[in-house]
$ cat model.csv   # CSV, C-alpha atoms
chain,number,residue,atom,x,y,z
D,16,MET,CA,31.4,33.6,-9.8
D,17,HIS,CA,30.8,33.6,-6.1
D,18,LEU,CA,31.0,30.3,-4.3
D,19,ARG,CA,27.3,29.3,-3.7
D,20,LYS,CA,26.5,29.6,0.0
D,21,ARG,CA,23.6,28.4,2.1
D,22,VAL,CA,22.4,31.5,4.0
D,23,ILE,CA,19.8,31.8,6.7
D,24,VAL,CA,18.0,35.2,7.0
D,25,THR,CA,15.8,35.4,10.2
D,26,GLY,CA,13.2,38.1,9.9
D,27,GLY,CA,13.5,37.4,6.2
D,28,ALA,CA,9.9,38.3,5.3
D,29,GLY,CA,10.3,41.7,6.9
D,30,PHE,CA,11.3,45.0,5.2
D,31,LEU,CA,15.1,44.6,5.3
D,32,GLY,CA,15.0,40.8,5.3
D,33,SER,CA,13.0,40.5,2.1
D,34,HIS,CA,15.4,42.8,0.2
D,35,LEU,CA,18.4,40.9,1.6
D,36,CYS,CA,16.8,37.5,0.5
D,37,GLU,CA,16.3,39.0,-3.0
D,38,ARG,CA,19.9,40.2,-3.2
D,39,LEU,CA,21.4,36.9,-2.0
D,40,LEU,CA,19.4,35.0,-4.5
D,41,ALA,CA,20.5,37.4,-7.3
D,42,ASP,CA,24.1,36.7,-6.2
D,43,GLY,CA,23.5,32.9,-6.7
D,44,HIS,CA,23.2,31.7,-3.1
D,45,GLU,CA,20.6,29.4,-1.4
D,46,VAL,CA,18.4,31.2,1.0
D,47,LEU,CA,16.4,29.9,4.0
D,48,CYS,CA,14.0,32.7,5.0
D,49,VAL,CA,12.9,32.3,8.6
D,50,ASP,CA,10.0,34.5,9.9
D,51,ASN,CA,7.2,34.2,12.4
D,52,PHE,CA,5.2,37.0,10.5
D,53,PHE,CA,4.7,39.2,13.6
D,54,THR,CA,5.7,42.2,11.5
D,55,GLY,CA,7.0,40.4,8.4
D,56,ALA,CA,4.5,39.5,5.6
D,57,ARG,CA,4.4,36.6,3.3
D,58,PHE,CA,3.6,38.8,0.3
D,59,HIS,CA,7.1,40.4,0.7
D,60,VAL,CA,8.7,37.2,-0.4
D,61,GLU,CA,5.9,35.5,-2.4
D,62,HIS,CA,7.6,36.4,-5.7
D,63,LEU,CA,10.6,34.4,-4.6
D,64,LEU,CA,8.8,31.1,-3.8
D,65,GLY,CA,9.2,29.8,-7.3
D,66,ASN,CA,13.0,30.0,-7.0
D,67,PRO,CA,14.4,26.5,-6.3
D,68,ARG,CA,17.2,28.1,-4.2
D,69,PHE,CA,14.6,29.8,-1.9
D,70,GLU,CA,12.8,28.3,1.1
D,71,LEU,CA,10.4,29.9,3.5
D,72,LEU,CA,10.0,28.6,7.1
D,73,ARG,CA,7.6,30.0,9.7
D,74,HIS,CA,9.5,29.9,12.9
D,75,ASP,CA,10.0,32.1,16.0
D,76,ILE,CA,13.6,32.4,16.9
D,77,THR,CA,12.9,32.5,20.6
D,78,PHE,CA,12.7,28.7,20.1
D,79,PRO,CA,15.8,26.8,18.9
D,80,LEU,CA,16.3,26.1,15.2
D,81,TYR,CA,18.0,23.0,13.8
D,82,VAL,CA,19.1,23.6,10.2
D,83,GLU,CA,22.3,23.7,8.2
D,84,ALA,CA,23.9,26.9,6.7
D,85,ASP,CA,27.2,28.7,6.0
D,86,GLU,CA,26.1,32.1,7.1
D,87,ILE,CA,23.3,33.6,9.2
D,88,TYR,CA,21.9,37.1,9.1
D,89,ASN,CA,19.9,37.6,12.3
D,90,LEU,CA,17.3,40.3,11.4
D,91,ALA,CA,14.3,39.0,13.4
D,92,CYS,CA,12.8,41.6,15.7
D,93,PRO,CA,10.1,44.3,15.4
D,94,ALA,CA,12.0,47.5,14.7
D,95,SER,CA,9.5,50.3,15.0
D,96,PRO,CA,8.3,51.7,18.4
D,97,ILE,CA,4.6,51.0,17.6
D,98,HIS,CA,5.4,47.3,17.0
D,99,TYR,CA,8.1,46.7,19.6
D,100,GLN,CA,6.1,48.4,22.4
D,101,GLN,CA,3.0,46.2,21.5
D,102,ASP,CA,4.6,43.2,23.3
D,103,PRO,CA,7.7,44.6,25.0
D,104,VAL,CA,8.5,41.3,26.9
D,105,GLN,CA,8.4,39.4,23.6
D,106,THR,CA,10.7,42.1,22.0
D,107,THR,CA,13.3,41.6,24.7
D,108,LYS,CA,12.9,37.8,24.4
D,109,THR,CA,13.5,38.1,20.6
D,110,CYS,CA,16.6,40.2,21.1
D,111,VAL,CA,18.0,38.0,23.9
D,112,HIS,CA,16.7,34.5,23.6
D,113,GLY,CA,16.6,34.8,19.9
D,114,SER,CA,20.3,35.9,19.8
D,115,ILE,CA,21.2,33.0,22.1
D,116,ASN,CA,19.5,30.5,19.8
D,117,MET,CA,21.0,31.9,16.7
D,118,LEU,CA,24.5,32.1,18.3
D,119,GLY,CA,24.1,28.5,19.4
D,120,LEU,CA,23.3,27.5,15.8
D,121,ALA,CA,26.3,29.5,14.5
D,122,LYS,CA,28.5,27.8,17.0
D,123,ARG,CA,27.4,24.3,16.0
D,124,LEU,CA,27.8,25.1,12.3
D,125,ARG,CA,30.9,27.2,12.7
D,126,ALA,CA,29.0,29.7,10.6
D,127,ARG,CA,29.5,33.5,10.2
D,128,ILE,CA,26.7,35.4,11.8
D,129,LEU,CA,25.7,39.0,11.4
D,130,PRO,CA,23.1,40.5,13.8
D,131,ALA,CA,21.1,43.6,12.8
D,132,SER,CA,21.9,45.9,15.7
D,133,THR,CA,20.7,49.5,15.8
D,134,SER,CA,21.5,53.1,16.3
D,135,GLU,CA,19.1,52.9,19.3
D,136,VAL,CA,22.0,51.4,21.3
D,137,TYR,CA,23.2,55.0,21.5
D,138,GLY,CA,19.9,56.1,23.0
D,139,ASP,CA,19.4,59.8,23.0
D,140,PRO,CA,23.0,60.6,22.3
D,141,ALA,CA,25.0,63.2,24.1
D,142,VAL,CA,27.7,62.9,21.3
D,143,HIS,CA,27.1,64.0,17.7
D,144,PRO,CA,27.6,62.4,15.3
D,145,GLN,CA,27.8,58.9,16.8
D,146,THR,CA,31.0,56.9,16.4
D,147,GLU,CA,31.1,53.1,17.3
D,148,ASP,CA,33.2,53.7,20.4
D,149,TYR,CA,30.5,55.9,22.0
D,150,TRP,CA,28.7,53.9,24.8
D,151,GLY,CA,25.4,55.6,24.5
D,152,HIS,CA,22.9,57.4,26.8
D,153,VAL,CA,20.0,55.0,27.3
D,154,ASN,CA,17.0,54.9,29.6
D,155,PRO,CA,17.0,51.3,31.0
D,156,ILE,CA,13.3,51.5,32.2
D,157,GLY,CA,11.5,53.6,29.6
D,158,LEU,CA,8.9,52.6,27.0
D,159,ARG,CA,11.6,52.1,24.4
D,160,SER,CA,13.9,50.1,26.7
D,161,CYS,CA,12.7,46.7,25.5
D,162,TYR,CA,14.3,47.4,22.1
D,163,ASP,CA,17.2,49.7,23.1
D,164,GLU,CA,18.4,47.5,25.9
D,165,GLY,CA,17.4,44.3,24.1
D,166,LYS,CA,19.7,45.2,21.3
D,167,ARG,CA,22.5,46.3,23.6
D,168,CYS,CA,22.3,43.0,25.5
D,169,ALA,CA,22.3,41.1,22.1
D,170,GLU,CA,25.6,42.9,21.2
D,171,THR,CA,27.0,41.8,24.6
D,172,LEU,CA,26.0,38.2,23.8
D,173,PHE,CA,27.6,38.3,20.4
D,174,PHE,CA,30.9,39.6,21.7
D,175,ASP,CA,30.9,37.1,24.6
D,176,TYR,CA,30.4,34.3,22.1
D,177,ARG,CA,33.2,35.7,20.1
D,178,ARG,CA,35.5,35.8,23.2
D,179,GLN,CA,34.4,32.5,24.6
D,180,HIS,CA,33.9,30.3,21.5
D,181,ASN,CA,35.8,32.3,18.9
D,182,LEU,CA,32.6,32.8,16.9
D,183,ARG,CA,32.8,34.7,13.6
D,184,ILE,CA,30.6,37.7,14.3
D,185,LYS,CA,29.9,40.8,12.2
D,186,VAL,CA,27.8,43.5,14.1
D,187,ALA,CA,26.0,46.1,12.0
D,188,ARG,CA,24.4,49.1,13.7
D,189,ILE,CA,21.6,50.2,11.4
D,190,PHE,CA,20.5,53.9,11.3
D,191,ASN,CA,17.1,54.9,9.8
D,192,THR,CA,16.5,52.9,6.7
D,193,TYR,CA,13.6,53.4,4.3
D,194,GLY,CA,12.3,52.1,1.0
D,195,PRO,CA,9.7,49.8,-0.6
D,196,ARG,CA,8.1,47.2,1.7
D,197,MET,CA,8.3,49.3,4.9
D,198,HIS,CA,5.3,48.5,7.1
D,199,PRO,CA,2.6,51.2,6.3
D,200,ASN,CA,1.6,51.4,10.0
D,201,ASP,CA,4.9,51.2,11.7
D,202,GLY,CA,4.8,54.8,13.0
D,203,ARG,CA,8.1,55.6,11.2
D,204,VAL,CA,8.4,59.1,9.9
D,205,VAL,CA,9.1,58.3,6.2
D,206,SER,CA,6.1,55.8,5.8
D,207,ASN,CA,3.9,58.0,8.0
D,208,PHE,CA,4.5,61.2,5.9
D,209,ILE,CA,4.2,59.4,2.5
D,210,ILE,CA,0.8,57.7,3.5
D,211,GLN,CA,-0.5,61.0,5.0
D,212,ALA,CA,0.5,62.9,1.9
D,213,LEU,CA,-0.9,60.4,-0.6
D,214,ARG,CA,-4.2,60.4,1.4
D,215,GLY,CA,-4.2,64.2,1.5
D,216,GLU,CA,-4.2,64.1,5.4
D,217,PRO,CA,-2.2,66.6,7.5
D,218,LEU,CA,1.5,65.5,8.1
D,219,THR,CA,2.1,65.1,11.8
D,220,VAL,CA,5.3,66.7,12.9
D,221,TYR,CA,6.3,66.4,16.6
D,222,GLY,CA,7.6,69.5,18.3
D,223,GLU,CA,9.0,72.2,16.0
D,224,GLY,CA,10.2,69.5,13.6
D,225,GLN,CA,13.8,70.6,14.2
D,226,GLN,CA,14.9,67.1,15.4
D,227,THR,CA,17.2,65.5,12.8
D,228,ARG,CA,17.4,62.1,11.2
D,229,SER,CA,19.6,60.5,8.6
D,230,PHE,CA,17.9,58.3,6.0
D,231,CYS,CA,19.6,55.4,4.3
D,232,TYR,CA,17.9,53.8,1.2
D,233,VAL,CA,17.4,50.1,1.7
D,234,ASP,CA,19.6,49.0,-1.3
D,235,ASP,CA,22.6,50.9,0.1
D,236,LEU,CA,22.1,49.2,3.5
D,237,ILE,CA,21.9,45.7,2.0
D,238,GLU,CA,25.2,46.4,0.2
D,239,ALA,CA,26.8,47.3,3.5
D,240,PHE,CA,25.6,44.0,5.1
D,241,LEU,CA,27.1,41.9,2.3
D,242,ARG,CA,30.4,43.7,2.4
D,243,LEU,CA,30.6,43.4,6.2
D,244,MET,CA,29.9,39.7,6.0
D,245,GLU,CA,32.8,39.3,3.6
D,246,THR,CA,35.4,41.1,5.8
D,247,PRO,CA,38.2,39.0,7.4
D,248,ASP,CA,37.4,37.1,10.5
D,249,ASP,CA,39.4,39.4,12.8
D,250,PHE,CA,37.1,42.3,11.9
D,251,THR,CA,33.9,42.1,14.0
D,252,GLY,CA,32.5,45.6,14.1
D,253,PRO,CA,30.3,47.1,15.4
D,254,VAL,CA,30.0,49.2,12.3
D,255,ASN,CA,27.6,52.1,11.8
D,256,THR,CA,25.6,51.5,8.6
D,257,GLY,CA,23.5,54.5,7.5
D,258,ASN,CA,23.5,57.7,5.6
D,259,PRO,CA,25.4,60.6,7.1
D,260,GLY,CA,23.2,63.1,5.2
D,261,GLU,CA,21.2,64.9,8.0
D,262,PHE,CA,17.8,66.4,7.5
D,263,THR,CA,15.3,67.9,9.9
D,264,ILE,CA,11.9,66.3,10.1
D,265,LEU,CA,10.3,69.5,8.8
D,266,GLU,CA,12.6,69.4,5.7
D,267,LEU,CA,11.5,65.8,5.1
D,268,ALA,CA,7.8,66.7,5.5
D,269,LYS,CA,8.2,69.4,2.9
D,270,MET,CA,10.0,67.1,0.4
D,271,VAL,CA,7.3,64.4,0.7
D,272,ILE,CA,4.5,67.0,0.1
D,273,ASP,CA,6.4,68.3,-2.9
D,274,TYR,CA,7.1,64.8,-4.5
D,275,THR,CA,3.6,63.6,-4.0
D,276,ASN,CA,2.0,66.8,-5.3
D,277,SER,CA,-0.2,66.7,-2.2
D,278,LYS,CA,-2.5,69.4,-0.8
D,279,SER,CA,-1.6,68.2,2.7
D,280,VAL,CA,-0.6,70.7,5.4
D,281,ILE,CA,1.8,70.2,8.3
D,282,GLU,CA,0.3,69.8,11.8
D,283,HIS,CA,2.5,70.1,14.9
D,284,ARG,CA,2.1,67.8,17.9
D,285,PRO,CA,3.9,67.5,21.3
D,286,LEU,CA,7.2,65.6,21.3
D,287,PRO,CA,7.0,62.0,22.5
D,288,LYS,CA,9.1,60.8,25.5
D,289,ASP,CA,12.7,59.6,24.9
D,290,ASP,CA,12.6,60.7,21.2
D,291,PRO,CA,16.2,61.3,20.2
D,292,LYS,CA,16.9,64.9,19.1
D,293,GLN,CA,19.7,64.1,16.7
D,294,ARG,CA,20.6,61.0,14.7
D,295,ARG,CA,23.6,60.9,12.4
D,296,PRO,CA,26.0,58.1,11.9
D,297,ASP,CA,29.7,58.6,11.6
D,298,ILE,CA,30.6,56.1,8.8
D,299,THR,CA,34.3,56.6,8.8
D,300,LEU,CA,34.8,53.0,9.8
D,301,ALA,CA,32.4,51.6,7.2
D,302,LYS,CA,34.3,53.6,4.5
D,303,ALA,CA,37.7,52.4,5.7
D,304,LYS,CA,36.8,48.7,6.3
D,305,LEU,CA,34.0,48.0,3.8
D,306,GLY,CA,34.8,50.5,1.1
D,307,TRP,CA,31.2,51.5,1.5
D,308,GLU,CA,29.1,54.6,1.5
D,309,PRO,CA,25.5,55.3,0.5
D,310,LYS,CA,24.9,56.1,-3.1
D,311,VAL,CA,21.2,56.8,-3.3
D,312,PRO,CA,20.2,60.4,-2.6
D,313,LEU,CA,17.1,61.0,-0.4
D,314,SER,CA,15.3,62.6,-3.3
D,315,GLU,CA,15.7,59.5,-5.5
D,316,GLY,CA,14.9,57.0,-2.7
D,317,LEU,CA,11.8,58.9,-1.6
D,318,LYS,CA,10.4,58.8,-5.1
D,319,LYS,CA,10.8,55.0,-5.3
D,320,THR,CA,9.2,54.6,-1.9
D,321,ILE,CA,6.3,56.9,-2.8
D,322,ALA,CA,5.7,54.9,-5.9
D,323,TYR,CA,5.6,51.7,-3.9
D,324,PHE,CA,3.1,53.1,-1.3
D,325,ASP,CA,1.0,54.7,-4.1
D,326,GLU,CA,0.6,51.3,-5.6
D,327,GLN,CA,-0.2,49.6,-2.3
D,328,LEU,CA,-2.9,52.2,-1.5
D,329,ARG,CA,-4.4,51.8,-5.0
D,330,ARG,CA,-4.6,48.1,-4.6
D,331,ALA,CA,-6.3,48.4,-1.2
D,332,SER,CA,-8.9,50.9,-2.4
$ encode --input "model.csv" --output "structure tokens"
Amino acid sequence: MHLRKRVIVTGGAGFLGSHLCERLLADGHEVLCVDNFFTGARFHVEHLLGNPRFELLRHDITFPLYVEADEIYNLACPASPIHYQQDPVQTTKTCVHGSINMLGLAKRLRARILPASTSEVYGDPAVHPQTEDYWGHVNPIGLRSCYDEGKRCAETLFFDYRRQHNLRIKVARIFNTYGPRMHPNDGRVVSNFIIQALRGEPLTVYGEGQQTRSFCYVDDLIEAFLRLMETPDDFTGPVNTGNPGEFTILELAKMVIDYTNSKSVIEHRPLPKDDPKQRRPDITLAKAKLGWEPKVPLSEGLKKTIAYFDEQLRRAS
């Protein structure tokens, strides 16, 4: 039996956060889910509200938070280009002010804190696959910079709090993750393709569709978070968390059409600006330090995600 811990999950009503809250409760912990519902949704965690070890707090982490906890997972931030470009100043504030507030709380509580960083810190990488010691190739003034540079600055803050206050930090760099409870309109390729296919609409592929992505199923990612949080205090990361299996966007489109039995066709559009051509994590460090690697193959994860969106669309109709 694990020692019961009090755990804060910011962004806890979001896609990743809601899965993390569920898993922490299943492991016997007390969970305070903090979310301002900018992209998170109450219905993601509604089924947890009857659990006496679960609390839901509407709060924006760009303002200080005064609560008690043993561990903090800082997941609050819109994570898809459509959402983080909607209010880019607020996105940077969430990354920077939000991190400062959560780090201040962790410092006061002497709590371990794990920020959800991102593969976007590597920008459009000139190195493939990306290892944690690669510094990245990022446009500081582009449309995506509020997120890319916001997350890079957040990592800076975490490591400076570590050096200055000996804070116990665990930095996870998340690569494309998918699964049930993804936002249907977040512009991400997996949710886009599934919804287009289920509606019988053309699947929009940018460019030739030869750009690659690596897709990690949400359950695998949550397992990596929990293992990273349990590592000794002298291990801080950053650690790449993602699935090294690499697929072209065109391959993904064909798989989705196949698994949905859709009559959809593929429609090519021009490539957007600053869209990375290749994304694949090198997870050597995660394997060595966390004993972790993804278990769920893309075929299996896609079918679960399709079933979720199919149900959502039926409910909405």
$ residues_around --input "model.csv" --residues "Val22 in chain D" --least-positions-apart "2" --cutoff "9 Å" --atoms "all atoms listed in the file" --output "list of chain:residue names"
D:Lys20, D:Val24, D:Cys36, D:Leu39, D:His44, D:Glu45, D:Val46, D:Leu47, D:Cys48, D:Glu83, D:Ala84, D:Asp85, D:Glu86, D:Ile87, D:Tyr88
$ atom_distance --input "model.csv" --atom1 "CA of Ser95 in chain D" --atom2 "CA of Arg203 in chain D"
6.7 Å
$ atom_distance --input "model.csv" --atom1 "CA of Val153 in chain D" --atom2 "CA of Ile76 in chain D"
25.7 Å
$ closest_residue --input "model.csv" --among "D:Val220, D:Ile23, D:Leu63, D:Ala303" --to "Pro287 in chain D" --atoms "only C-alpha atoms"
D:Val220
$ residues_around --input "model.csv" --residues "range 163-180 of chain D" --least-positions-apart "3" --cutoff "7 Å" --atoms "all atoms listed in the file" --output "VMD selection string"
chain D and resid 107 110 to 111 114 132 135 to 136 138 155 159 to 160 183 to 184
$ atom_distance --input "model.csv" --atom1 "CA of Leu241 in chain D" --atom2 "CA of Asp325 in chain D"
29.8 Å
